[in-house]
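Next comes protein-v3.tsv, with TSV, C-alpha atoms.
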chain	number	residue	atom	x	y	z
A	251	MET	CA	56.47	-9.30	27.73
A	252	THR	CA	54.01	-12.16	27.22
A	253	ASN	CA	52.91	-13.57	23.88
A	254	ALA	CA	49.31	-13.02	22.80
A	255	LYS	CA	47.00	-15.99	23.19
A	256	PHE	CA	46.18	-17.89	20.01
A	257	LEU	CA	44.27	-20.79	18.49
A	258	SER	CA	45.60	-22.51	15.38
A	259	VAL	CA	43.90	-25.12	13.17
A	260	LYS	CA	46.27	-26.72	10.65
A	261	ASN	CA	45.19	-28.97	7.77
A	262	VAL	CA	42.36	-30.65	9.68
A	263	SER	CA	40.43	-33.37	7.85
A	264	LYS	CA	37.62	-35.61	9.07
A	265	SER	CA	35.67	-38.51	7.54
A	266	TYR	CA	32.84	-40.72	8.79
A	267	LYS	CA	32.05	-44.26	7.72
A	268	THR	CA	28.59	-44.71	6.19
A	269	LYS	CA	26.71	-47.67	4.73
A	270	VAL	CA	27.98	-46.77	1.26
A	271	GLY	CA	31.56	-45.92	2.19
A	272	TRP	CA	33.51	-43.07	3.72
A	273	ASN	CA	32.12	-39.53	3.69
A	274	GLN	CA	34.72	-36.79	4.03
A	275	VAL	CA	33.14	-33.79	5.72
A	276	LEU	CA	36.27	-31.70	6.31
A	277	ARG	CA	39.29	-31.40	4.04
A	278	ASN	CA	42.46	-29.50	4.91
A	279	VAL	CA	40.83	-26.83	7.10
A	280	SER	CA	43.32	-24.23	8.32
A	281	PHE	CA	42.87	-20.94	10.16
A	282	SER	CA	44.19	-19.12	13.20
A	283	LEU	CA	42.55	-16.90	15.80
A	284	SER	CA	44.03	-14.12	17.88
A	285	PRO	CA	42.32	-12.30	20.76
A	286	ARG	CA	39.17	-10.48	19.59
A	287	ASP	CA	38.94	-12.41	16.31
A	288	ARG	CA	35.37	-13.46	15.48
A	289	LEU	CA	35.10	-16.20	12.86
A	290	GLY	CA	31.86	-17.22	11.16
A	291	ILE	CA	31.59	-20.64	9.49
A	292	LEU	CA	29.48	-20.87	6.32
A	293	GLY	CA	28.45	-24.05	4.53
A	294	ARG	CA	25.47	-26.11	3.45
A	295	ASN	CA	23.99	-28.84	5.65
A	296	GLY	CA	26.54	-31.64	5.91
A	297	ALA	CA	29.50	-29.39	5.08
A	298	GLY	CA	31.09	-30.09	8.47
A	299	LYS	CA	30.38	-26.85	10.36
A	300	SER	CA	29.33	-28.42	13.67
A	301	THR	CA	31.97	-31.14	13.27
A	302	LEU	CA	34.64	-28.45	13.02
A	303	LEU	CA	33.37	-26.82	16.22
A	304	ARG	CA	33.47	-30.14	18.07
A	305	ILE	CA	37.03	-30.79	16.89
A	306	VAL	CA	38.20	-27.33	17.98
A	307	GLY	CA	36.50	-27.86	21.35
A	308	GLY	CA	38.10	-31.28	21.83
A	309	ALA	CA	34.86	-33.28	21.71
A	310	GLU	CA	36.10	-35.11	18.59
A	311	LEU	CA	39.52	-35.85	17.12
A	312	PRO	CA	40.48	-35.07	13.52
A	313	ASP	CA	41.64	-37.86	11.23
A	314	THR	CA	44.61	-35.71	10.25
A	315	GLY	CA	45.79	-32.24	11.14
A	316	LEU	CA	46.67	-30.37	14.29
A	317	ILE	CA	44.92	-28.09	16.77
A	318	GLU	CA	47.21	-25.83	18.80
A	319	LYS	CA	45.87	-23.38	21.35
A	320	ASP	CA	46.93	-21.10	24.14
A	321	MET	CA	43.33	-20.03	24.73
A	322	SER	CA	40.72	-21.52	27.02
A	323	VAL	CA	37.99	-22.76	24.66
A	324	SER	CA	34.35	-23.37	25.57
A	325	TRP	CA	32.28	-26.41	24.73
A	326	PRO	CA	30.14	-25.89	21.59
A	327	VAL	CA	27.33	-23.68	22.88
A	328	GLY	CA	24.08	-25.11	21.53
A	329	PHE	CA	25.47	-28.66	21.83
A	330	SER	CA	24.11	-30.05	25.11
A	331	GLY	CA	26.55	-32.95	25.46
A	332	HIS	CA	28.39	-31.20	28.30
A	333	LEU	CA	25.20	-31.06	30.43
A	334	GLN	CA	24.27	-33.92	32.74
A	335	PRO	CA	20.60	-34.71	31.95
A	336	ALA	CA	19.76	-36.22	35.34
A	337	MET	CA	21.02	-33.15	37.22
A	338	SER	CA	19.09	-29.92	37.58
A	339	GLY	CA	20.15	-26.84	35.67
A	340	ARG	CA	21.43	-25.29	38.90
A	341	ALA	CA	23.44	-28.41	39.78
A	342	ASN	CA	25.00	-28.39	36.30
A	343	VAL	CA	25.98	-24.76	36.73
A	344	LYS	CA	27.55	-25.40	40.14
A	345	PHE	CA	29.44	-28.41	38.82
A	346	CYS	CA	30.90	-26.47	35.89
A	347	ALA	CA	31.84	-23.54	38.12
A	348	ARG	CA	33.83	-25.87	40.38
A	349	VAL	CA	35.49	-27.66	37.44
A	350	TYR	CA	36.70	-24.34	36.02
A	351	ASN	CA	37.59	-22.96	39.46
A	352	ARG	CA	35.12	-20.08	39.36
A	353	GLU	CA	33.18	-18.54	42.24
A	354	VAL	CA	30.07	-20.74	42.40
A	355	ASP	CA	27.59	-18.17	43.71
A	356	GLU	CA	28.65	-15.59	41.12
A	357	VAL	CA	28.27	-18.06	38.25
A	358	VAL	CA	24.87	-19.28	39.48
A	359	ASP	CA	23.64	-15.70	39.88
A	360	PHE	CA	24.77	-14.72	36.37
A	361	VAL	CA	23.24	-17.79	34.72
A	362	SER	CA	19.99	-17.36	36.61
A	363	ARG	CA	19.64	-13.74	35.49
A	364	PHE	CA	20.83	-14.14	31.91
A	365	SER	CA	19.07	-17.40	31.00
A	366	GLU	CA	15.68	-16.29	32.35
A	367	LEU	CA	14.88	-19.94	33.06
A	368	GLY	CA	13.33	-19.11	36.43
A	369	SER	CA	12.13	-22.14	38.38
A	370	TYR	CA	13.20	-24.46	35.54
A	371	LEU	CA	16.76	-24.16	36.88
A	372	GLU	CA	15.64	-26.53	39.63
A	373	GLU	CA	14.36	-29.13	37.14
A	374	PRO	CA	16.41	-31.96	35.54
A	375	VAL	CA	18.00	-30.92	32.25
A	376	ARG	CA	16.41	-33.95	30.57
A	377	THR	CA	13.07	-32.13	30.86
A	378	TYR	CA	14.38	-29.08	28.97
A	379	SER	CA	13.51	-28.22	25.40
A	380	SER	CA	16.38	-27.65	22.97
A	381	GLY	CA	15.86	-23.91	23.34
A	382	MET	CA	16.10	-24.10	27.13
A	383	LYS	CA	19.30	-26.14	26.89
A	384	ALA	CA	20.73	-23.54	24.53
A	385	ARG	CA	19.84	-20.76	26.97
A	386	LEU	CA	21.51	-22.62	29.81
A	387	GLY	CA	24.61	-23.49	27.78
A	388	PHE	CA	25.05	-19.99	26.38
A	389	SER	CA	24.58	-18.32	29.76
A	390	LEU	CA	27.00	-20.73	31.42
A	391	SER	CA	29.69	-20.22	28.78
A	392	MET	CA	29.41	-16.45	29.21
A	393	ALA	CA	29.69	-16.81	32.98
A	394	ILE	CA	32.80	-19.03	32.84
A	395	ASP	CA	34.67	-16.34	30.88
A	396	PHE	CA	36.44	-18.49	28.27
A	397	ASP	CA	38.98	-16.84	25.97
A	398	CYS	CA	37.17	-18.31	22.94
A	399	LEU	CA	33.49	-19.22	22.64
A	400	LEU	CA	32.26	-21.91	20.25
A	401	ILE	CA	28.72	-21.01	19.23
A	402	ASP	CA	26.51	-23.46	17.33
A	403	GLU	CA	23.21	-21.90	16.24
A	404	VAL	CA	22.45	-20.49	19.70
A	405	THR	CA	21.50	-17.06	18.34
A	406	ALA	CA	18.90	-18.78	16.14
A	407	VAL	CA	17.14	-20.42	19.10
A	408	GLY	CA	14.33	-19.00	21.20
A	409	ASP	CA	12.33	-15.80	20.90
A	410	ALA	CA	13.51	-12.66	19.13
A	411	VAL	CA	14.10	-10.78	22.38
A	412	PHE	CA	16.46	-13.44	23.72
A	413	ARG	CA	18.29	-13.67	20.38
A	414	LYS	CA	18.95	-9.94	20.49
A	415	LYS	CA	20.12	-10.32	24.08
A	416	CYS	CA	22.62	-13.00	22.99
A	417	GLU	CA	23.91	-10.86	20.13
A	418	ALA	CA	24.32	-7.85	22.41
A	419	ALA	CA	26.25	-9.98	24.90
A	420	LEU	CA	28.53	-11.30	22.14
A	421	LEU	CA	29.24	-7.80	20.86
A	422	GLU	CA	30.14	-6.74	24.39
A	423	VAL	CA	32.55	-9.62	25.04
A	424	ALA	CA	34.09	-9.23	21.56
A	425	GLU	CA	36.18	-6.42	23.06
A	426	THR	CA	38.12	-8.99	25.07
A	427	ARG	CA	37.28	-12.48	23.75
A	428	SER	CA	37.22	-14.46	20.51
A	429	PHE	CA	34.50	-16.67	19.15
A	430	ILE	CA	33.76	-19.11	16.34
A	431	MET	CA	30.14	-19.11	15.19
A	432	VAL	CA	27.92	-21.41	13.15
A	433	ASN	CA	24.58	-19.84	12.30
A	434	HIS	CA	22.14	-20.37	9.42
A	435	GLY	CA	21.06	-16.77	10.05
A	436	LEU	CA	23.69	-15.15	7.85
A	437	GLN	CA	22.75	-11.68	9.05
A	438	ALA	CA	24.00	-12.57	12.54
A	439	ILE	CA	27.38	-13.63	11.13
A	440	ASP	CA	27.50	-10.41	9.09
A	441	ARG	CA	26.85	-8.31	12.20
A	442	LEU	CA	29.07	-10.18	14.65
A	443	CYS	CA	32.06	-11.61	12.76
A	444	ASN	CA	35.18	-10.00	11.31
A	445	ARG	CA	36.24	-13.10	9.36
A	446	VAL	CA	34.47	-16.00	7.65
A	447	ILE	CA	35.45	-19.44	6.41
A	448	VAL	CA	33.32	-21.09	3.71
A	449	LEU	CA	33.16	-24.89	3.58
A	450	GLY	CA	32.17	-26.95	0.56
A	451	VAL	CA	32.28	-24.37	-2.24
A	452	GLU	CA	35.81	-25.22	-3.43
A	453	ASP	CA	38.10	-28.21	-3.01
A	454	GLU	CA	39.48	-26.60	0.14
A	455	PRO	CA	37.93	-24.08	2.57
A	456	VAL	CA	37.87	-20.38	1.66
A	457	LEU	CA	38.96	-17.94	4.38
A	458	SER	CA	38.11	-14.24	4.01
A	459	THR	CA	38.11	-10.97	5.93
A	460	ARG	CA	35.61	-9.49	3.44
A	461	VAL	CA	32.68	-10.74	5.48
A	462	HIS	CA	29.73	-8.95	3.88
A	463	LYS	CA	30.83	-9.55	0.27
A	464	THR	CA	31.67	-13.19	0.97
A	465	ILE	CA	28.23	-13.74	2.51
A	466	LYS	CA	26.59	-12.21	-0.58
A	467	ALA	CA	28.64	-14.49	-2.85
A	468	TYR	CA	27.69	-17.49	-0.71
A	469	GLU	CA	23.98	-16.57	-0.79
A	470	LYS	CA	24.16	-16.35	-4.59
A	471	ALA	CA	25.72	-19.83	-4.74
A	472	LEU	CA	22.99	-21.19	-2.46
A	473	LEU	CA	20.39	-19.99	-4.96
A	474	GLY	CA	22.08	-21.86	-7.78
A	475	GLY	CA	24.41	-19.17	-9.03
A	476	GLU	CA	28.10	-19.60	-9.71
A	477	TRP	CA	30.39	-19.32	-6.68
A	478	GLN	CA	32.83	-16.44	-7.07
A	479	ARG	CA	35.64	-16.01	-4.57
A	480	VAL	CA	35.90	-12.49	-3.12
A	481	GLU	CA	39.35	-10.98	-3.56
A	482	GLU	CA	41.02	-9.82	-0.36
Take the structure in this file and express it as structure tokens.
Amino acid sequence: MTNAKFLSVKNVSKSYKTKVGWNQVLRNVSFSLSPRDRLGILGRNGAGKSTLLRIVGGAELPDTGLIEKDMSVSWPVGFSGHLQPAMSGRANVKFCARVYNREVDEVVDFVSRFSELGSYLEEPVRTYSSGMKARLGFSLSMAIDFDCLLIDEVTAVGDAVFRKKCEAALLEVAETRSFIMVNHGLQAIDRLCNRVIVLGVEDEPVLSTRVHKTIKAYEKALLGGEWQRVEE
């Protein structure tokens, strides 16, 4: 009998040096994910949402704390740092397929169909808009079949039809995969996630399985009301 795959974040903190001193963006963040867990991250601008995704994905190191994982974890989808700007979209896809030991033709075919980039796949990524990069990155992460997807605002990019396509794809893979999502569109987190973590409303992050009620409490706090933790 094999143990279930997992991802564990333990007491992660992160600060950045600024002109006026150190700015702590994450303080003692802890959570764990099992297969099929879908975690939404809530927080105001500057609360550390994207920083947390980059730390989980290995693009940044925490100042303190520990990341343990037995899952394959994607790059932060919506963050284009993993794409080589001088290479075409197709060349980037082929390169990633080889790095992750996937069948190149199958990955290229999936990305071509899902991204709907058409002839732009043959163009250098440096010519892409942010929305096109997000389409390419999201499609590629779906094609590579990671155990856990890191999603940074990708369902808020592009036209409404493509956003719905992304959400439908995420709901489909939620039967077998996990994901961690940052999205200013709180309705998407409400529809897609079964857990949320709220940054910046208390001294330490608030983790909840009461997704809808926690989102409502967070929206109230955004409008100037008093933050009230939702009881589990």
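Contact shell of Ile439 of chain A at 9 Å (all atoms listed in the file; same-chain neighbours under 4 positions omitted): Leu289, Gly290, Ile291, Leu292, Met431, Val432, Asn433, His434, Gly435, Cys443, Asn444, Val446, Val461, His462 and Ile465 of chain A.
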Selection to disk with C-alpha atoms, as a CSV table (one decimal), in the coordinates of the input:
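again.csv was written with the following content:
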chain,number,residue,atom,x,y,z
A,289,LEU,CA,35.1,-16.2,12.9
A,290,GLY,CA,31.9,-17.2,11.2
A,291,ILE,CA,31.6,-20.6,9.5
A,292,LEU,CA,29.5,-20.9,6.3
A,431,MET,CA,30.1,-19.1,15.2
A,432,VAL,CA,27.9,-21.4,13.2
A,433,ASN,CA,24.6,-19.8,12.3
A,434,HIS,CA,22.1,-20.4,9.4
A,435,GLY,CA,21.1,-16.8,10.0
A,443,CYS,CA,32.1,-11.6,12.8
A,444,ASN,CA,35.2,-10.0,11.3
A,446,VAL,CA,34.5,-16.0,7.6
A,461,VAL,CA,32.7,-10.7,5.5
A,462,HIS,CA,29.7,-9.0,3.9
A,465,ILE,CA,28.2,-13.7,2.5
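Proximity to Val411 of chain A was assessed for A:Leu473, A:Cys398, A:Val448, A:Glu366 counting all atoms listed in the file; the smallest distance is recorded for A:Glu366.
Of the residues listed (A:Asp453, A:Glu482, A:Glu469, A:Asp397), A:Asp453 shows the shortest atom-to-atom separation from Asn278 of chain A; distances use only C-alpha atoms.
Using all atoms listed in the file, the nearest neighbour of Lys260 of chain A within the list A:Lys319, A:Arg304, A:Arg460, A:Lys383 is A:Lys319.
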So that I can check the surroundings of Ala393 of chain A, please list as a PDB file with C-alpha atoms, keeping the file's coordinate frame every protein, DNA and RNA residue that reaches within 10 Å of it, counting all atoms listed in the file and ignoring chain neighbours fewer than 2 positions away.
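After the write, around_24.pdb holds the following:
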ATOM      1  CA  VAL A 343      25.980 -24.760  36.730  1.00  0.00           C
ATOM      2  CA  ALA A 347      31.840 -23.540  38.120  1.00  0.00           C
ATOM      3  CA  ARG A 352      35.120 -20.080  39.360  1.00  0.00           C
ATOM      4  CA  GLU A 356      28.650 -15.590  41.120  1.00  0.00           C
ATOM      5  CA  VAL A 357      28.270 -18.060  38.250  1.00  0.00           C
ATOM      6  CA  VAL A 358      24.870 -19.280  39.480  1.00  0.00           C
ATOM      7  CA  ASP A 359      23.640 -15.700  39.880  1.00  0.00           C
ATOM      8  CA  PHE A 360      24.770 -14.720  36.370  1.00  0.00           C
ATOM      9  CA  VAL A 361      23.240 -17.790  34.720  1.00  0.00           C
ATOM     10  CA  PHE A 364      20.830 -14.140  31.910  1.00  0.00           C
ATOM     11  CA  GLY A 387      24.610 -23.490  27.780  1.00  0.00           C
ATOM     12  CA  PHE A 388      25.050 -19.990  26.380  1.00  0.00           C
ATOM     13  CA  SER A 389      24.580 -18.320  29.760  1.00  0.00           C
ATOM     14  CA  LEU A 390      27.000 -20.730  31.420  1.00  0.00           C
ATOM     15  CA  SER A 391      29.690 -20.220  28.780  1.00  0.00           C
ATOM     16  CA  ASP A 395      34.670 -16.340  30.880  1.00  0.00           C
ATOM     17  CA  PHE A 396      36.440 -18.490  28.270  1.00  0.00           C
TER      18      PHE A 396
END
| Within 8 Å of Val480 of chain A, counting all atoms listed in the file, which residues qualify if same-chain residues fewer than 5 places away don't, as a PyMOL selection string? | chain A and resi 458+460+463-464+467
| request: For Gly450 of chain A, list every protein, DNA or RNA residue within 12 Å, evaluated using all atoms listed in the file, and leave out those in the same chain fewer than 6 positions away; present the list as a list in words. | output: Gln274, Val275, Leu276, Arg277, Asn278, Val279, Ile291, Leu292, Gly293, Arg294, Asn295, Gly296, Ala297, Gly298, Lys299, Val456, Leu457, Tyr468, Ala471, Leu472 and Trp477 of chain A
| said: as a PyMOL selection string, please: the residues near Gly368 of chain A (cut-off 12 Å, all atoms listed in the file, same-chain neighbours under 5 positions excluded). | reply: chain A and resi 339-340+358-359+361-363+373+382+385-386
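Each of A:Met321, A:Ala438, A:Ala341, A:Leu303 was checked against Leu421 of chain A using all atoms listed in the file; the smallest atom-to-atom distance is that of A:Ala438.
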| said: If I take atom CA of Asp409 of chain A and atom CA of Val327 of chain A, how far is one from the other in Å, to one decimal? | reply: 17.1 Å
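What separates atom CA of Ser300 of chain A from atom CA of Glu372 of chain A is a distance of 29.4 Å.
From atom CA of Trp325 of chain A back to atom CA of Asn261 of chain A, the distance works out to 21.5 Å.
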| query | Which is closest to Met392 of chain A among A:Phe429, A:Tyr266, A:Phe281, A:Phe412, if we use all atoms listed in the file? | reply | A:Phe429
Might I get the box with edges along x, y and z of the file that holds all atoms of segment 363-368 of chain A listed there, padded by 5 Å on every side, given as centre and edge lengths in Å to one decimal, as AutoDock Vina command-line options?
--center_x 17.1 --center_y -16.8 --center_z 33.7 --size_x 17.5 --size_y 16.2 --size_z 15.4
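Here the question is which of A:Leu399, A:Leu449, A:Leu333, A:Ala410 gets nearest to Val423 of chain A using only C-alpha atoms, and that residue is A:Leu399.
Residues of protein, DNA or RNA having at least one counted atom within 6 Å of (36.9, -32.1, 11.4), given all atoms listed in the file, are Val262, Ser263, Lys264, Leu276, Thr301, Leu302, Ile305 and Pro312 of chain A.
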| message | Counting only C-alpha atoms, which residues sit no farther than 6 Å from the position (37.7, -16.0, 18.7) in the file's frame? I'd like them as a list in words. | response | Leu283, Arg286, Asp287, Arg288, Cys398, Ser428, Phe429 and Ile430 of chain A
